[in-house]
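Student: Questions regarding the structure given below will be posed in turn.
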Amino acid sequence: MSRPNPVMVASGCGGTGRELDSLGVLDALGTFVTRTITLDARLGSAAPRVAESPSGLVNAIGLQNPGLDQFLTRELPWLAARKVRTHVSIAGSTLGEYVDLARRLGQSPGVSGIEVNLSVPDALAWGLFDAQEPFQAARVVAAVRRDLPRGIEVHAKLGPDPARVVESARAVAEAGADAVVLVNAAPALLPDGRPGGLSGPALRPLALRCIHEVRTALPDLSIVGAGGITDASDAREFLAAGADAVQVGTALLHDPTTAARIAADLRGDTP
Amino acid sequence: MHVTGRVLTVKKVGAYRHLTVAAPGIAERFRPGNFVAVSIGDLVPRAHLARRSLWITGVKPTGAHGATVEMVVEATGVGTQWLAELSQDDQLEMTGPLGRPFALPKESVTCLLVGEGYAAGMLFPLAERLRERSCVVTMLLGAADEPHLLGALDARRSARSVSVVTGDGSVGLRGTLADALPDLLASTGADVVYGAGSIPTLHAVAAAAEQHGAWSQVAVQVAQPCGTGLCQGCPLPVVGEDGVGRLVRACADGPVIRGDRVRWNELVTP
Ligand SMILES: Cc1cc2nc3c(=O)[nH]c(=O)nc-3n(C[C@H](O)[C@H](O)[C@H](O)COP(=O)(O)OP(=O)(O)OC[C@H]3O[C@@H](n4cnc5c(N)ncnc54)[C@H](O)[C@@H]3O)c2cc1C
Ligand SMILES: Cc1cc2nc3c(=O)[nH]c(=O)nc-3n(C[C@H](O)[C@H](O)[C@H](O)COP(=O)(O)O)c2cc1C
């Protein structure tokens, strides 16, 4: 994968695109990744949804999203008109839902890639298809790939489990994924006992380890790295560990200009 | 705008700290009802990743130090404690102005502004704008006690009349804002009620306004992890124009919102 600008927004951390645009930092991004979109609208979980932990956040957004129809009428056209390179993150309750999502997104102008979210912490609790087993993840990716035009990339997003990440990456690559996104938030717990996902710098060493494992075992697979990237030197660490591109998530919530600054730095501009 | 501001002054005001920060770009774009999201703690390493929202209580677009913004902080937790300990020349990373501001009436109407605790501070720039539009402005300010009462003196400059209630009766009448509302709505005949404060108080403002047949706009405070509309971490349960209930983002779709649109009983108070 040779991208001119390797800096992407991590799913669920870039709003609809309009918010970053109003701060003047959308055009600096290589690729915008949407929050995870499901076929039907989801209300998400109860407040409080985010807690601080040392150098991290634990979030339980609960996949709040307007559903595919609303996304296609209210959000995607804006991104397309704005000519933002867009990857749509998707999750389904069944294989059939994944197929529906892929078919309709594949026919919609403005979609450059599909990021299959195979690693929602506590997928079952959210009523999602359980793709934890590598062969199940591969079934999802194969179903999505089959129904998409070739020009649309398929990225498979995996969780931060160094013991199984190579097996999962190999399975989804064989099923037709063009790249793996490493990693999603780690399964964690909110202070009030509800399940959530840990993100931010606290996750960084684990993300690096996963990237290192996959890069070593699968030298030809494209890897998008994510997990606690806050500045250009973090991004370079990910690229050195074997990532071809990077995603910035939690750091954007702290400073919405982070991704734009990292992109400028990697390009060699003095910020 | 995301800027690194420089603290110009820190003043103790009762139980609060009043901060004036040189922050180019924010003051110029400010409208009453806006807030800033600030970063707290040391930047290296970044231990605290959620941001803290603070109302903008005043701006000066030009001055000896360029454009400045003012905020009032009540130290209640890790972040607000850190903010209260800032001193002159310290740096403060901030993004703003953020959020939907108050909608201003097109005609000169009668307005009641209801402010609780530190949140009352954000009503003063609003009062000025309303006065410029020849609106009749009455202010009702409340707090638990005198140290937590903000702006009772300033209020006399921007409002035709000012009423004060405190929980312990140390200033003004003894009681709550909710107790004082109905009489004041009746005596002023307010067309519009603007509110800032805790969720229970804003709920009372919305209910009293509705009963009185007035419009209400309230500045809601729920936990806002990013403040910039990116994370969906601040769900605000509302009823849309279409009568359908939905969850919007308090920070980006609010924090100022019509009182009759909020589904108050479903709100989680921080
Ligand atoms: C729109 C808005 C405007 C605000 N304006 C002001 C202001 O002008 N002055 C002021 O002193 N405070 C203000 N607050 C409240 C202030 O942001 C909270 O007190 C602060 O987030 C709590 O941070 P902490 O680090 O002190 O407490 P902690 O307990 O460490 O907070 C941890 C997290 O909990 C959440 N949280 C906890 N308490 C609150 C609360 N009362 N309100 C919102 N989130 C909370 C936040 O997400 C915070 O990141 C405002 C809040 C909002 C939403
Ligand atoms: C508030 C929040 C919401 C998120 N939402 C999603 C989501 O909808 N889909 C997804 O695949 N990942 C989601 N993530 C995970 C991030 O995309 C990213 O993989 C993870 O947080 C690690 O990167 P970071 O440390 O840079 O945030 C979310 C993370 C956060 C903090």
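Going through the structure tokens in order, the chains are called A, B, and so on, while each chain numbers its residues from 1 and the ligands are numbered from 1 in the order shown.
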Using 10 Å as the limit and counting only C-alpha atoms, can you tabulate each residue of chain B that touches chain A, with its shortest atom-to-atom distance in Å and the two atoms involved, as a Markdown table?
Tutor:
| residue | atom | partner | partner_atom | distance |
| --- | --- | --- | --- | --- |
| B:Met1 | CA | A:Leu23 | CA | 5.9 |
| B:His2 | CA | A:Thr257 | CA | 7.2 |
| B:Val3 | CA | A:Asp255 | CA | 9.7 |
| B:Ala37 | CA | A:His254 | CA | 9.0 |
| B:Val38 | CA | A:His254 | CA | 8.6 |
| B:Ser39 | CA | A:His254 | CA | 7.0 |
| B:Ile40 | CA | A:His254 | CA | 9.8 |
| B:Pro45 | CA | A:Ser55 | CA | 7.8 |
| B:Arg46 | CA | A:Ser55 | CA | 5.9 |
| B:Ala47 | CA | A:Ser55 | CA | 4.1 |
| B:His48 | CA | A:Ser55 | CA | 6.0 |
| B:Leu49 | CA | A:His254 | CA | 5.5 |
| B:Ala50 | CA | A:His254 | CA | 6.1 |
| B:Arg51 | CA | A:His254 | CA | 6.1 |
| B:Arg52 | CA | A:His254 | CA | 9.8 |
| B:Glu93 | CA | A:Asp255 | CA | 8.6 |
| B:Met94 | CA | A:Asp255 | CA | 8.5 |
| B:Thr95 | CA | A:Asp255 | CA | 7.9 |
| B:Gly96 | CA | A:Leu23 | CA | 9.2 |
| B:Val222 | CA | A:Pro48 | CA | 8.9 |
| B:Ala223 | CA | A:Pro48 | CA | 7.0 |
| B:Gln224 | CA | A:Val50 | CA | 8.6 |
| B:Pro225 | CA | A:Val50 | CA | 6.6 |
| B:Cys226 | CA | A:Leu253 | CA | 4.9 |
| B:Gly227 | CA | A:Leu253 | CA | 8.0 |
| B:Thr228 | CA | A:Glu19 | CA | 6.9 |
| B:Gly229 | CA | A:Gly15 | CA | 6.1 |
| B:Leu230 | CA | A:Gly15 | CA | 3.9 |
| B:Cys231 | CA | A:Cys13 | CA | 5.3 |
| B:Gln232 | CA | A:Ile61 | CA | 6.8 |
| B:Gly233 | CA | A:Arg49 | CA | 5.3 |
| B:Cys234 | CA | A:Ala47 | CA | 7.1 |
| B:Pro235 | CA | A:Ala47 | CA | 6.7 |
| B:Leu236 | CA | A:Ala47 | CA | 9.0 |
| B:Arg246 | CA | A:Leu43 | CA | 7.8 |
| B:Leu247 | CA | A:Leu43 | CA | 7.0 |
| B:Val248 | CA | A:Leu43 | CA | 9.9 |
| B:Ala252 | CA | A:Glu19 | CA | 8.6 |
| B:Glu266 | CA | A:Ala46 | CA | 9.5 |
| B:Leu267 | CA | A:Ala47 | CA | 8.3 |
| B:Val268 | CA | A:Ala47 | CA | 6.2 |
| B:Thr269 | CA | A:Ala47 | CA | 8.9 |
| B:Pro270 | CA | A:Pro48 | CA | 7.8 |
Student: Any chance you could list, as a PyMOL selection string, the residues in range 19-251 of chain B that come up strand (DSSP E or B) when DSSP is run on the backbone?
Tutor: chain B and resi 19-22+35-38+52-55+58-60+68-73+91-98+100+110-116+136-143+161-166+173-174+192-196+215-219+235-239+245-249
Student: Do a neighbour search on Ile199 in chain B at 7 Å with only C-alpha atoms, toss out local chain neighbours closer than 2 positions, and write the hits as a compact mmCIF listing (two decimals) with N, CA and C atoms, in the first residue's frame.
Tutor:
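Written file, result14.txt:
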# COMPACT_ATOMS: atom_id res chain seq x y z
N GLY B 197 -26.97 26.38 34.91
CA GLY B 197 -26.78 25.81 36.24
C GLY B 197 -26.89 24.31 36.20
N THR B 201 -31.95 22.34 38.41
CA THR B 201 -32.38 23.73 38.30
C THR B 201 -32.87 24.03 36.89
N LEU B 202 -32.15 23.53 35.89
CA LEU B 202 -32.57 23.79 34.51
C LEU B 202 -33.91 23.11 34.20
N HIS B 203 -34.08 21.95 34.79
CA HIS B 203 -35.37 21.26 34.64
C HIS B 203 -36.49 22.13 35.19
N VAL B 220 -26.99 23.43 29.13
CA VAL B 220 -26.93 22.15 29.84
C VAL B 220 -25.49 21.72 30.10
N THR B 269 -27.12 13.05 35.68
CA THR B 269 -26.43 14.22 36.20
C THR B 269 -24.99 13.86 36.55
Student: Determine which residues of range 32-222 of chain B DSSP labels as helix (DSSP H, G or I) from the backbone of this structure, then write them out as a VMD selection string.
Tutor: chain B and resid 78 to 84 117 to 132 146 to 148 152 to 158 177 to 188 199 to 212
Student: Considering only C-alpha atoms and all ligand atoms, give me a table of residues in chain B that are at most 7 Å from ligand 1, with the closest atom pair and distance in Å for each, as JSON lines.
Tutor:
{"residue": "B:Phe35", "atom": "CA", "partner": "ligand 1", "partner_atom_place_in_ligand_line": "1 (C)", "distance": 6.1}
{"residue": "B:Ala50", "atom": "CA", "partner": "ligand 1", "partner_atom_place_in_ligand_line": "49 (O)", "distance": 5.0}
{"residue": "B:Arg51", "atom": "CA", "partner": "ligand 1", "partner_atom_place_in_ligand_line": "49 (O)", "distance": 5.6}
{"residue": "B:Arg52", "atom": "CA", "partner": "ligand 1", "partner_atom_place_in_ligand_line": "17 (O)", "distance": 4.3}
{"residue": "B:Ser53", "atom": "CA", "partner": "ligand 1", "partner_atom_place_in_ligand_line": "17 (O)", "distance": 4.0}
{"residue": "B:Leu54", "atom": "CA", "partner": "ligand 1", "partner_atom_place_in_ligand_line": "5 (N)", "distance": 3.4}
{"residue": "B:Trp55", "atom": "CA", "partner": "ligand 1", "partner_atom_place_in_ligand_line": "8 (O)", "distance": 3.9}
{"residue": "B:Ile56", "atom": "CA", "partner": "ligand 1", "partner_atom_place_in_ligand_line": "8 (O)", "distance": 6.7}
{"residue": "B:Met71", "atom": "CA", "partner": "ligand 1", "partner_atom_place_in_ligand_line": "8 (O)", "distance": 5.9}
{"residue": "B:Val72", "atom": "CA", "partner": "ligand 1", "partner_atom_place_in_ligand_line": "9 (N)", "distance": 5.1}
{"residue": "B:Val73", "atom": "CA", "partner": "ligand 1", "partner_atom_place_in_ligand_line": "11 (O)", "distance": 3.5}
{"residue": "B:Glu74", "atom": "CA", "partner": "ligand 1", "partner_atom_place_in_ligand_line": "11 (O)", "distance": 3.8}
{"residue": "B:Ala75", "atom": "CA", "partner": "ligand 1", "partner_atom_place_in_ligand_line": "26 (O)", "distance": 6.1}
{"residue": "B:Thr76", "atom": "CA", "partner": "ligand 1", "partner_atom_place_in_ligand_line": "26 (O)", "distance": 4.9}
{"residue": "B:Gly77", "atom": "CA", "partner": "ligand 1", "partner_atom_place_in_ligand_line": "26 (O)", "distance": 3.2}
{"residue": "B:Val78", "atom": "CA", "partner": "ligand 1", "partner_atom_place_in_ligand_line": "25 (O)", "distance": 4.1}
{"residue": "B:Gly79", "atom": "CA", "partner": "ligand 1", "partner_atom_place_in_ligand_line": "25 (O)", "distance": 3.0}
{"residue": "B:Thr80", "atom": "CA", "partner": "ligand 1", "partner_atom_place_in_ligand_line": "26 (O)", "distance": 3.7}
{"residue": "B:Gln81", "atom": "CA", "partner": "ligand 1", "partner_atom_place_in_ligand_line": "26 (O)", "distance": 6.0}
{"residue": "B:Tyr118", "atom": "CA", "partner": "ligand 1", "partner_atom_place_in_ligand_line": "9 (N)", "distance": 6.0}
{"residue": "B:Ala119", "atom": "CA", "partner": "ligand 1", "partner_atom_place_in_ligand_line": "8 (O)", "distance": 5.8}
{"residue": "B:Val220", "atom": "CA", "partner": "ligand 1", "partner_atom_place_in_ligand_line": "1 (C)", "distance": 6.4}
{"residue": "B:Gln221", "atom": "CA", "partner": "ligand 1", "partner_atom_place_in_ligand_line": "53 (C)", "distance": 3.9}
{"residue": "B:Val222", "atom": "CA", "partner": "ligand 1", "partner_atom_place_in_ligand_line": "43 (C)", "distance": 4.7}
{"residue": "B:Ala223", "atom": "CA", "partner": "ligand 1", "partner_atom_place_in_ligand_line": "44 (N)", "distance": 3.2}
{"residue": "B:Gln224", "atom": "CA", "partner": "ligand 1", "partner_atom_place_in_ligand_line": "47 (O)", "distance": 4.7}
{"residue": "B:Pro225", "atom": "CA", "partner": "ligand 1", "partner_atom_place_in_ligand_line": "47 (O)", "distance": 4.6}
{"residue": "B:Cys251", "atom": "CA", "partner": "ligand 1", "partner_atom_place_in_ligand_line": "1 (C)", "distance": 6.6}
{"residue": "B:Pro255", "atom": "CA", "partner": "ligand 1", "partner_atom_place_in_ligand_line": "1 (C)", "distance": 5.8}
{"residue": "B:Pro270", "atom": "CA", "partner": "ligand 1", "partner_atom_place_in_ligand_line": "39 (C)", "distance": 4.8}
Student: For range 130-136 of chain A, list every protein, DNA or RNA residue within 7 Å, evaluated using only C-alpha atoms, and leave out those in the same chain fewer than 6 positions away; present the list as a list in words.
Tutor: Leu118, Ala123, Leu124, Glu167, Ser168 and Ala171 of chain A
Student: Using only C-alpha atoms, which protein or nucleic acid residues come within 6 Å of range 83-91 of chain B? Drop anything in the same chain fewer than 4 positions from it, and give the result as a ChimeraX atom specification.
Tutor: /B:5-9,17
Student: Keeping C-alpha atoms, export the residues of the selection given above as a compact mmCIF listing (two decimals), in the first residue's frame.
Tutor:
# COMPACT_ATOMS: atom_id res chain seq x y z
CA GLY B 5 -3.33 30.38 25.76
CA ARG B 6 -1.32 32.29 28.34
CA VAL B 7 -2.77 33.01 31.76
CA LEU B 8 -2.80 36.76 32.39
CA THR B 9 -4.57 36.97 35.73
CA ARG B 17 -11.09 31.36 40.60
Student: Please identify all polymer residues within 9 Å of Leu158 in chain A, counting only C-alpha atoms, omitting same-chain residues fewer than 5 positions from it, and present them as a PyMOL selection string.
Tutor: chain A and resi 116-120+132+165+168-169+180-184
Student: Take the selection from the previous step and output its residues with N, CA, C and O atoms, as a CSV table (one decimal), in the first residue's frame.
Tutor:
chain,number,residue,atom,x,y,z
A,116,VAL,N,-13.9,-3.3,8.3
A,116,VAL,CA,-14.8,-4.2,8.9
A,116,VAL,C,-14.4,-4.3,10.4
A,116,VAL,O,-13.3,-4.7,10.7
A,117,ASN,N,-15.3,-3.9,11.3
A,117,ASN,CA,-14.9,-3.8,12.7
A,117,ASN,C,-15.2,-5.2,13.3
A,117,ASN,O,-16.3,-5.5,13.7
A,118,LEU,N,-14.2,-6.0,13.4
A,118,LEU,CA,-14.3,-7.4,13.8
A,118,LEU,C,-13.9,-7.5,15.3
A,118,LEU,O,-13.8,-8.6,15.8
A,119,SER,N,-13.7,-6.4,16.0
A,119,SER,CA,-13.1,-6.4,17.3
A,119,SER,C,-13.8,-5.5,18.3
A,119,SER,O,-13.1,-4.9,19.1
A,120,VAL,N,-15.1,-5.3,18.1
A,120,VAL,CA,-15.8,-4.5,19.1
A,120,VAL,C,-15.6,-5.2,20.5
A,120,VAL,O,-15.9,-6.4,20.6
A,132,GLN,N,-14.7,-13.2,17.0
A,132,GLN,CA,-13.5,-13.4,17.7
A,132,GLN,C,-12.6,-14.6,17.1
A,132,GLN,O,-11.4,-14.5,17.1
A,165,VAL,N,-3.2,-12.6,17.3
A,165,VAL,CA,-3.4,-11.6,16.2
A,165,VAL,C,-2.8,-12.1,14.9
A,165,VAL,O,-3.4,-11.8,13.8
A,168,SER,N,-5.4,-14.5,13.3
A,168,SER,CA,-6.5,-13.7,12.8
A,168,SER,C,-6.1,-12.9,11.5
A,168,SER,O,-6.9,-12.9,10.5
A,169,ALA,N,-5.0,-12.3,11.5
A,169,ALA,CA,-4.5,-11.5,10.4
A,169,ALA,C,-4.4,-12.4,9.2
A,169,ALA,O,-4.8,-12.1,8.0
A,180,VAL,N,-4.9,-5.0,7.3
A,180,VAL,CA,-5.5,-5.2,8.7
A,180,VAL,C,-5.2,-3.9,9.4
A,180,VAL,O,-4.2,-3.2,9.2
A,181,VAL,N,-6.2,-3.5,10.3
A,181,VAL,CA,-6.1,-2.4,11.2
A,181,VAL,C,-5.8,-2.9,12.6
A,181,VAL,O,-6.6,-3.6,13.1
A,182,LEU,N,-4.6,-2.5,13.1
A,182,LEU,CA,-4.2,-3.0,14.4
A,182,LEU,C,-3.9,-1.8,15.3
A,182,LEU,O,-2.9,-1.1,15.0
A,183,VAL,N,-4.6,-1.6,16.3
A,183,VAL,CA,-5.6,-2.4,17.0
A,183,VAL,C,-6.8,-1.6,17.4
A,183,VAL,O,-6.8,-0.4,17.5
A,184,ASN,N,-7.9,-2.3,17.7
A,184,ASN,CA,-9.1,-1.7,18.4
A,184,ASN,C,-8.8,-1.4,19.8
A,184,ASN,O,-7.7,-1.9,20.4
Student: Using only C-alpha atoms, which protein or nucleic acid residues come within 12 Å of Met122 in chain B? Drop anything in the same chain fewer than 3 positions from it, and give the result as a VMD selection string.
Tutor: chain B and resid 30 to 36 54 to 59 69 to 73 101 to 102 113 to 119 125 to 128 141 150 to 151 155 194 to 197 218 to 220 256
Student: Taking only C-alpha atoms and all ligand atoms into account, which of A:Leu26, A:Val99, A:Ile114, A:Val248 comes nearest ligand 2?
Tutor: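 Checking each of A:Leu26, A:Val99, A:Ile114, A:Val248 against ligand 2, counting only C-alpha atoms and all ligand atoms, the winner is A:Val248.
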Student: May I ask which of the residues A:Glu115, A:Asp147, A:Asp265, A:Asp192 is the closest one to ligand 2, counting only C-alpha atoms and all ligand atoms?
Tutor: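 Checking each of A:Glu115, A:Asp147, A:Asp265, A:Asp192 against ligand 2, counting only C-alpha atoms and all ligand atoms, the winner is A:Glu115.
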